[in-house]
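Quick notes on the structure that follows.
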Amino acid sequence: MRGRAEATRHAPGRPPGAVPFQQFIVKVNSRCNLACRYCYMYFAADSGWRRQPVTARPATLARAAERIAEHAAAHGLPALSVVLHGGEPLLTDPDTLGAFVRDVRDRVPAGCTVLATVQTNGVLLTEEKLTALARHGISVGLSLDGGLAAHNAQRVDHAGRPAWAGIERAARLLAQDRHRASYAGALCVVDPASDPAEVYGSLLGLDPPAVDFLLPHGNWTHPPPGLPAPAASPTPYGDWLCTVFDLWWNADRRRTRVRFFEECIALLLGLPAATESMGLQPFTAVVVETDGGIEQVDSLKSAYEGAAATGLDIFGSPFDAALAHPGVATRQAGLAALADACLRCPLLDVCGGGHYAHRYRAAEGQDAPDRTPDAFRNPSVYCADLQRVIGHIATQLHRAAA
């Protein structure tokens with residue numbers, strides 16, 4: 001196999017300056033067994049999921065494996081990530097998921113490592129399914145909103161029944177020693193109305209190896225809960241994260257990794273960090289829908305109908321064609337895609353303008369969605385919150401170094 005630099009330089013159809021995709025989010029199901037009340041996928045601006053096949057066909061998964069391997073070979077990728085997603089991916093048999101991952105691993109060039117993860121709400125996770133996933137070398141990421149039933153009140157099934165019992169069972173199953181190696185970590189959406197100390201402490205009680213705190217997907221046109229913030233609390237999300245950071249930072253020992261904090265620290269120290277929410281590293285994720293459509297990441301669906309679409313599919317186009325899509329190119333454009341206010345900000349190298357989807361603002365008085373890149377050329381709707389938490393972490397680092 002050719003060296004990475006040579007393969008990338010001669011990759012056919014690759015736009016100048018484009019960075020190859022390295023994370024492939026494959027939708028194995030377009031439906032979910034839950035109906036979480038805040039879900040941006042099913043209850044936000046984009047209803048495209050309704051037009052998707054419920055489940056990806058075997059031919060679609062086979063073609064996705066071919067295209068992933070093609071991209072890895074064209075760019076000499078030493079490693080890539082496959083995220084099995086949905087909807088709820090465990091609506092598909094784990095052995096089917098494992099067969100797809102094995103197909104990807106068999107097709108990629110020698111020396112290319114394939115890291116595979118299934119992102120699940122946990123309700124369908126059982127001992128048997130977890131054992132099967134481990135047998136196929138697939139780790140498990142768990143989505144939950146805290147370690148108590150009250151924190152997960154919005155995570156309900158389609159009949160409105162709480163899902164907490166199944167989520168808690170999955171969390172405790174994953175934390176057991178025999179399954180620990182398969183546990184990738186927990187994703188937790190920040191709720192500024194919750195008690196951050198209680199949420200963090202309850203999560204520690206479930207013993208996850210890592211926690212990633214996510215800001216709810218919203219933007220200037222469709223603001224997240226609590227924003228624009230009242231004068232009494234101008235940075236509700238930043239305040240929440242600062243409280244959790246202090247508990248994590250000042251603990252006698254770190255009982256879990258917190259990705260948001262670790263990557264913020266790395267960026268403050270001038271180290272590279274790969275995250276969708278911070279920093280200036282080019283974004284390198286792409287989605288394959290259940291019909292084989294190639295899309296940008298789902299978070300864009302919170303902006304407007306069709307915001308994530310590229311018009312491409314894996315049956316007719318390689319992933320390199322998506323690198324030339326204006327939306328992908330903008331997301332990889334770094335400083336050129338940022339608002340003037342961001343370019344003047346001293347925290348630019350750390351914040352990076354914030355999550356791309358959180359920058360969207362439709363033109364005033366415009367009925368139809370603003371589909372131009374300028375609609376995203378704004379500071380994040382979380383700008384003040386990000387300044388608050390980044391500044392707080394920087395202060396703590398300075399004190400520790402003094």
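Here, A, B, ... name the chains of the structure tokens in the order displayed, residue numbers run from 1 inside each chain, and ligands are numbered from 1 in the same displayed order.
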
Spatial neighbours of Ala322 (chain A), max dist 8 Å, only C-alpha atoms, sep filter under 2 positions, as a ChimeraX atom specification: /A:294,310,312,318-320,324-325,328

Pull all heavy atoms from the residues just selected and write them as an mmCIF file, in the first residue's frame.
data_model
loop_
_atom_site.group_PDB
_atom_site.id
_atom_site.type_symbol
_atom_site.label_atom_id
_atom_site.label_comp_id
_atom_site.auth_asym_id
_atom_site.auth_seq_id
_atom_site.Cartn_x
_atom_site.Cartn_y
_atom_site.Cartn_z
ATOM 1 N N ILE A 294 -25.746 9.821 1.318
ATOM 2 C CA ILE A 294 -24.599 10.393 2.026
ATOM 3 C C ILE A 294 -25.030 11.745 2.576
ATOM 4 O O ILE A 294 -25.482 12.614 1.823
ATOM 5 C CB ILE A 294 -23.388 10.556 1.084
ATOM 6 C CG1 ILE A 294 -22.952 9.202 0.519
ATOM 7 C CG2 ILE A 294 -22.229 11.230 1.820
ATOM 8 C CD1 ILE A 294 -21.863 9.297 -0.540
ATOM 9 N N THR A 310 -26.767 16.020 1.006
ATOM 10 C CA THR A 310 -25.752 16.329 -0.001
ATOM 11 C C THR A 310 -26.239 16.032 -1.410
ATOM 12 O O THR A 310 -25.613 16.463 -2.388
ATOM 13 C CB THR A 310 -24.465 15.514 0.237
ATOM 14 O OG1 THR A 310 -24.747 14.115 0.006
ATOM 15 C CG2 THR A 310 -23.933 15.717 1.651
ATOM 16 N N LEU A 312 -26.146 13.101 -2.637
ATOM 17 C CA LEU A 312 -25.310 11.990 -3.079
ATOM 18 C C LEU A 312 -25.738 10.708 -2.382
ATOM 19 O O LEU A 312 -26.369 10.737 -1.324
ATOM 20 C CB LEU A 312 -23.832 12.273 -2.765
ATOM 21 C CG LEU A 312 -23.255 13.570 -3.331
ATOM 22 C CD1 LEU A 312 -21.874 13.828 -2.714
ATOM 23 C CD2 LEU A 312 -23.154 13.497 -4.850
ATOM 24 N N PRO A 318 -18.522 8.093 -4.688
ATOM 25 C CA PRO A 318 -17.579 7.809 -3.606
ATOM 26 C C PRO A 318 -17.689 8.901 -2.545
ATOM 27 O O PRO A 318 -18.274 9.967 -2.778
ATOM 28 C CB PRO A 318 -16.227 7.858 -4.312
ATOM 29 C CG PRO A 318 -16.433 8.857 -5.410
ATOM 30 C CD PRO A 318 -17.860 8.665 -5.865
ATOM 31 N N PHE A 319 -17.121 8.652 -1.387
ATOM 32 C CA PHE A 319 -17.154 9.666 -0.339
ATOM 33 C C PHE A 319 -16.369 10.914 -0.726
ATOM 34 O O PHE A 319 -16.644 12.005 -0.229
ATOM 35 C CB PHE A 319 -16.612 9.090 0.979
ATOM 36 C CG PHE A 319 -17.576 8.155 1.660
ATOM 37 C CD1 PHE A 319 -17.263 6.814 1.805
ATOM 38 C CD2 PHE A 319 -18.791 8.612 2.140
ATOM 39 C CE1 PHE A 319 -18.139 5.945 2.434
ATOM 40 C CE2 PHE A 319 -19.681 7.757 2.764
ATOM 41 C CZ PHE A 319 -19.360 6.414 2.912
ATOM 42 N N ASP A 320 -15.407 10.770 -1.640
ATOM 43 C CA ASP A 320 -14.669 11.951 -2.097
ATOM 44 C C ASP A 320 -15.598 12.984 -2.720
ATOM 45 O O ASP A 320 -15.339 14.192 -2.653
ATOM 46 C CB ASP A 320 -13.591 11.553 -3.107
ATOM 47 C CG ASP A 320 -12.265 11.233 -2.440
ATOM 48 O OD1 ASP A 320 -12.175 11.339 -1.202
ATOM 49 O OD2 ASP A 320 -11.324 10.886 -3.152
ATOM 50 N N ALA A 324 -16.431 17.488 -1.765
ATOM 51 C CA ALA A 324 -16.582 18.675 -2.610
ATOM 52 C C ALA A 324 -17.898 19.406 -2.368
ATOM 53 O O ALA A 324 -18.119 20.488 -2.928
ATOM 54 C CB ALA A 324 -16.493 18.269 -4.081
ATOM 55 N N HIS A 325 -18.777 18.845 -1.541
ATOM 56 C CA HIS A 325 -20.055 19.495 -1.269
ATOM 57 C C HIS A 325 -19.819 20.810 -0.536
ATOM 58 O O HIS A 325 -18.987 20.876 0.379
ATOM 59 C CB HIS A 325 -20.948 18.572 -0.432
ATOM 60 C CG HIS A 325 -22.329 19.104 -0.208
ATOM 61 N ND1 HIS A 325 -22.628 19.963 0.827
ATOM 62 C CD2 HIS A 325 -23.476 18.924 -0.899
ATOM 63 C CE1 HIS A 325 -23.909 20.276 0.775
ATOM 64 N NE2 HIS A 325 -24.445 19.660 -0.270
ATOM 65 N N VAL A 328 -19.836 20.594 3.323
ATOM 66 C CA VAL A 328 -18.658 19.924 3.885
ATOM 67 C C VAL A 328 -17.438 20.821 3.752
ATOM 68 O O VAL A 328 -16.640 20.964 4.690
ATOM 69 C CB VAL A 328 -18.422 18.568 3.190
ATOM 70 C CG1 VAL A 328 -17.128 17.929 3.689
ATOM 71 C CG2 VAL A 328 -19.602 17.634 3.424
#

Filtered DSSP result for region 30-207 of chain A, state strand (DSSP E), as number ranges by chain: A: 79-85, 113-120, 138-143, 183-189

Show me a table, sorted first by chain and then by increasing residue number, of the residues of region 213-328 of chain A having an atom at most 7 Å from region 353-372 of chain A, each with its shortest atom pair and the distance in Å to one decimal, counting only C-alpha atoms and written as CSV.
residue,atom,partner,partner_atom,distance
A:His217,CA,A:His358,CA,6.6
A:Gly218,CA,A:His358,CA,5.6
A:Asn219,CA,A:His358,CA,4.5
A:Trp220,CA,A:Arg361,CA,5.0
A:Thr221,CA,A:Arg361,CA,5.2
A:Glu276,CA,A:His355,CA,6.0
A:Ser277,CA,A:His355,CA,4.2
A:Met278,CA,A:Gly354,CA,5.3
A:Ser299,CA,A:Ala357,CA,6.1
A:Leu300,CA,A:Ala357,CA,5.2
A:Ala303,CA,A:Tyr360,CA,6.5
A:Tyr304,CA,A:Pro369,CA,6.2

Secondary structure check, helix (DSSP H, G or I) residues of region 66-198 of chain A, as a PyMOL selection string: chain A and resi 66-75+89-91+94-107+127-135+149-152+164-175+177-182+196-198

Shell around region 233-242 of chain A at 8 Å using only C-alpha atoms, local window under 4 positions removed, as a list in words: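 The neighbour list is Val190, Asp191, Pro192, Asp195, Pro196, Leu215, Gly226, Pro228, Ala229, Asp246, Tyr382, Ala384, Asp385, Leu386, Gln387, Arg388, Val389, His392 and Ile393 of chain A.
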
Who sits within 9 Å of region 25-30 of chain A, only C-alpha atoms, same chain under 3 positions skipped, as a PyMOL selection string: chain A and resi 49-50+52-57+61+64+81-92+97+285-292+297

Non-local contacts of Ala72 (chain A) (9 Å; only C-alpha atoms; under 2 positions in same chain excluded) as a VMD selection string: chain A and resid 20 to 22 67 to 70 74 to 80 108 to 109 112

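One distance worth recording is that between CA of Asp177 (chain A) and CA of Trp248 (chain A), which is 23.2 Å.
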
Which residues come within 10 Å of Ala150 (chain A), counting only C-alpha atoms, excluding same-chain residues fewer than 2 positions away, as a compact mmCIF listing (two decimals) with all heavy atoms, in the first residue's frame?
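What landed in result15.txt:
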# COMPACT_ATOMS: atom_id res chain seq x y z
N ASP A 145 -29.23 10.85 30.52
CA ASP A 145 -29.21 12.26 30.91
C ASP A 145 -28.86 12.46 32.39
O ASP A 145 -29.12 13.52 32.95
CB ASP A 145 -30.56 12.91 30.61
CG ASP A 145 -30.87 12.91 29.13
OD1 ASP A 145 -29.92 12.92 28.33
OD2 ASP A 145 -32.06 12.89 28.76
N GLY A 146 -28.29 11.46 32.99
CA GLY A 146 -27.95 11.49 34.41
C GLY A 146 -28.15 10.11 35.00
O GLY A 146 -28.60 9.18 34.30
N GLY A 147 -27.83 9.97 36.27
CA GLY A 147 -27.88 8.66 36.89
C GLY A 147 -29.09 8.40 37.74
O GLY A 147 -29.11 7.43 38.52
N LEU A 148 -30.11 9.23 37.63
CA LEU A 148 -31.34 9.05 38.40
C LEU A 148 -32.54 9.11 37.46
O LEU A 148 -32.47 9.72 36.38
CB LEU A 148 -31.48 10.13 39.47
CG LEU A 148 -30.39 10.19 40.55
CD1 LEU A 148 -30.62 11.39 41.46
CD2 LEU A 148 -30.34 8.90 41.35
N ASN A 152 -33.88 11.60 33.71
CA ASN A 152 -34.23 10.99 32.44
C ASN A 152 -35.74 11.02 32.17
O ASN A 152 -36.25 10.20 31.41
CB ASN A 152 -33.72 9.55 32.40
CG ASN A 152 -32.20 9.47 32.40
OD1 ASN A 152 -31.57 9.50 31.35
ND2 ASN A 152 -31.61 9.40 33.58
N ALA A 153 -36.41 11.99 32.78
CA ALA A 153 -37.87 12.06 32.67
C ALA A 153 -38.35 12.27 31.24
O ALA A 153 -39.47 11.88 30.89
CB ALA A 153 -38.41 13.17 33.57
N GLN A 154 -37.50 12.88 30.39
CA GLN A 154 -37.90 13.13 29.00
C GLN A 154 -37.60 11.95 28.09
O GLN A 154 -37.98 11.96 26.92
CB GLN A 154 -37.21 14.38 28.47
CG GLN A 154 -37.61 15.65 29.19
CD GLN A 154 -37.17 16.88 28.44
OE1 GLN A 154 -37.76 17.26 27.44
NE2 GLN A 154 -36.12 17.52 28.92
N PRO A 162 -41.82 5.86 31.02
CA PRO A 162 -40.41 6.16 31.27
C PRO A 162 -39.51 5.01 30.87
O PRO A 162 -39.86 3.83 31.06
CB PRO A 162 -40.36 6.43 32.78
CG PRO A 162 -41.59 5.81 33.34
CD PRO A 162 -42.62 5.86 32.26
N TRP A 164 -36.32 4.75 32.02
CA TRP A 164 -35.19 4.73 32.94
C TRP A 164 -34.81 3.32 33.39
O TRP A 164 -33.62 3.00 33.51
CB TRP A 164 -35.45 5.62 34.14
CG TRP A 164 -34.41 5.47 35.21
CD1 TRP A 164 -34.57 5.02 36.48
CD2 TRP A 164 -33.00 5.74 35.08
NE1 TRP A 164 -33.37 5.00 37.15
CE2 TRP A 164 -32.39 5.44 36.31
CE3 TRP A 164 -32.21 6.20 34.02
CZ2 TRP A 164 -31.02 5.58 36.53
CZ3 TRP A 164 -30.84 6.35 34.23
CH2 TRP A 164 -30.26 6.04 35.47
N SER A 194 -31.38 21.24 35.79
CA SER A 194 -31.02 20.19 36.74
C SER A 194 -29.89 20.67 37.65
O SER A 194 -29.22 21.67 37.38
CB SER A 194 -30.58 18.93 35.98
OG SER A 194 -29.37 19.17 35.26
N VAL A 199 -26.36 15.55 39.14
CA VAL A 199 -26.23 14.80 37.90
C VAL A 199 -24.85 14.14 37.82
O VAL A 199 -24.74 12.93 37.55
CB VAL A 199 -26.46 15.70 36.67
CG1 VAL A 199 -26.08 14.97 35.38
CG2 VAL A 199 -27.90 16.17 36.61

Of the listed residues A:Asp313, A:Asp374, A:Glu295, A:Glu262, that which approaches Phe24 (chain A) most closely, counting only C-alpha atoms: A:Glu295

From A:Ile390, A:Ala186, A:Arg399, A:Ser47, residue lying nearest Phe245 (chain A) [only C-alpha atoms]: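 Among the listed residues, the smallest separation from Phe245 (chain A) belongs to A:Ile390.
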
Residue neighbourhood Leu268 (chain A), 7 Å, only C-alpha atoms, exclusion window fewer than 4 positions, as a VMD selection string: chain A and resid 264 350 394

Selected residue of minimal separation from Ala266 (chain A) among A:Val114, A:Cys32, A:Ala62, A:Leu397, counting only C-alpha atoms: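 Ranked by minimum distance to Ala266 (chain A), first place goes to A:Leu397.
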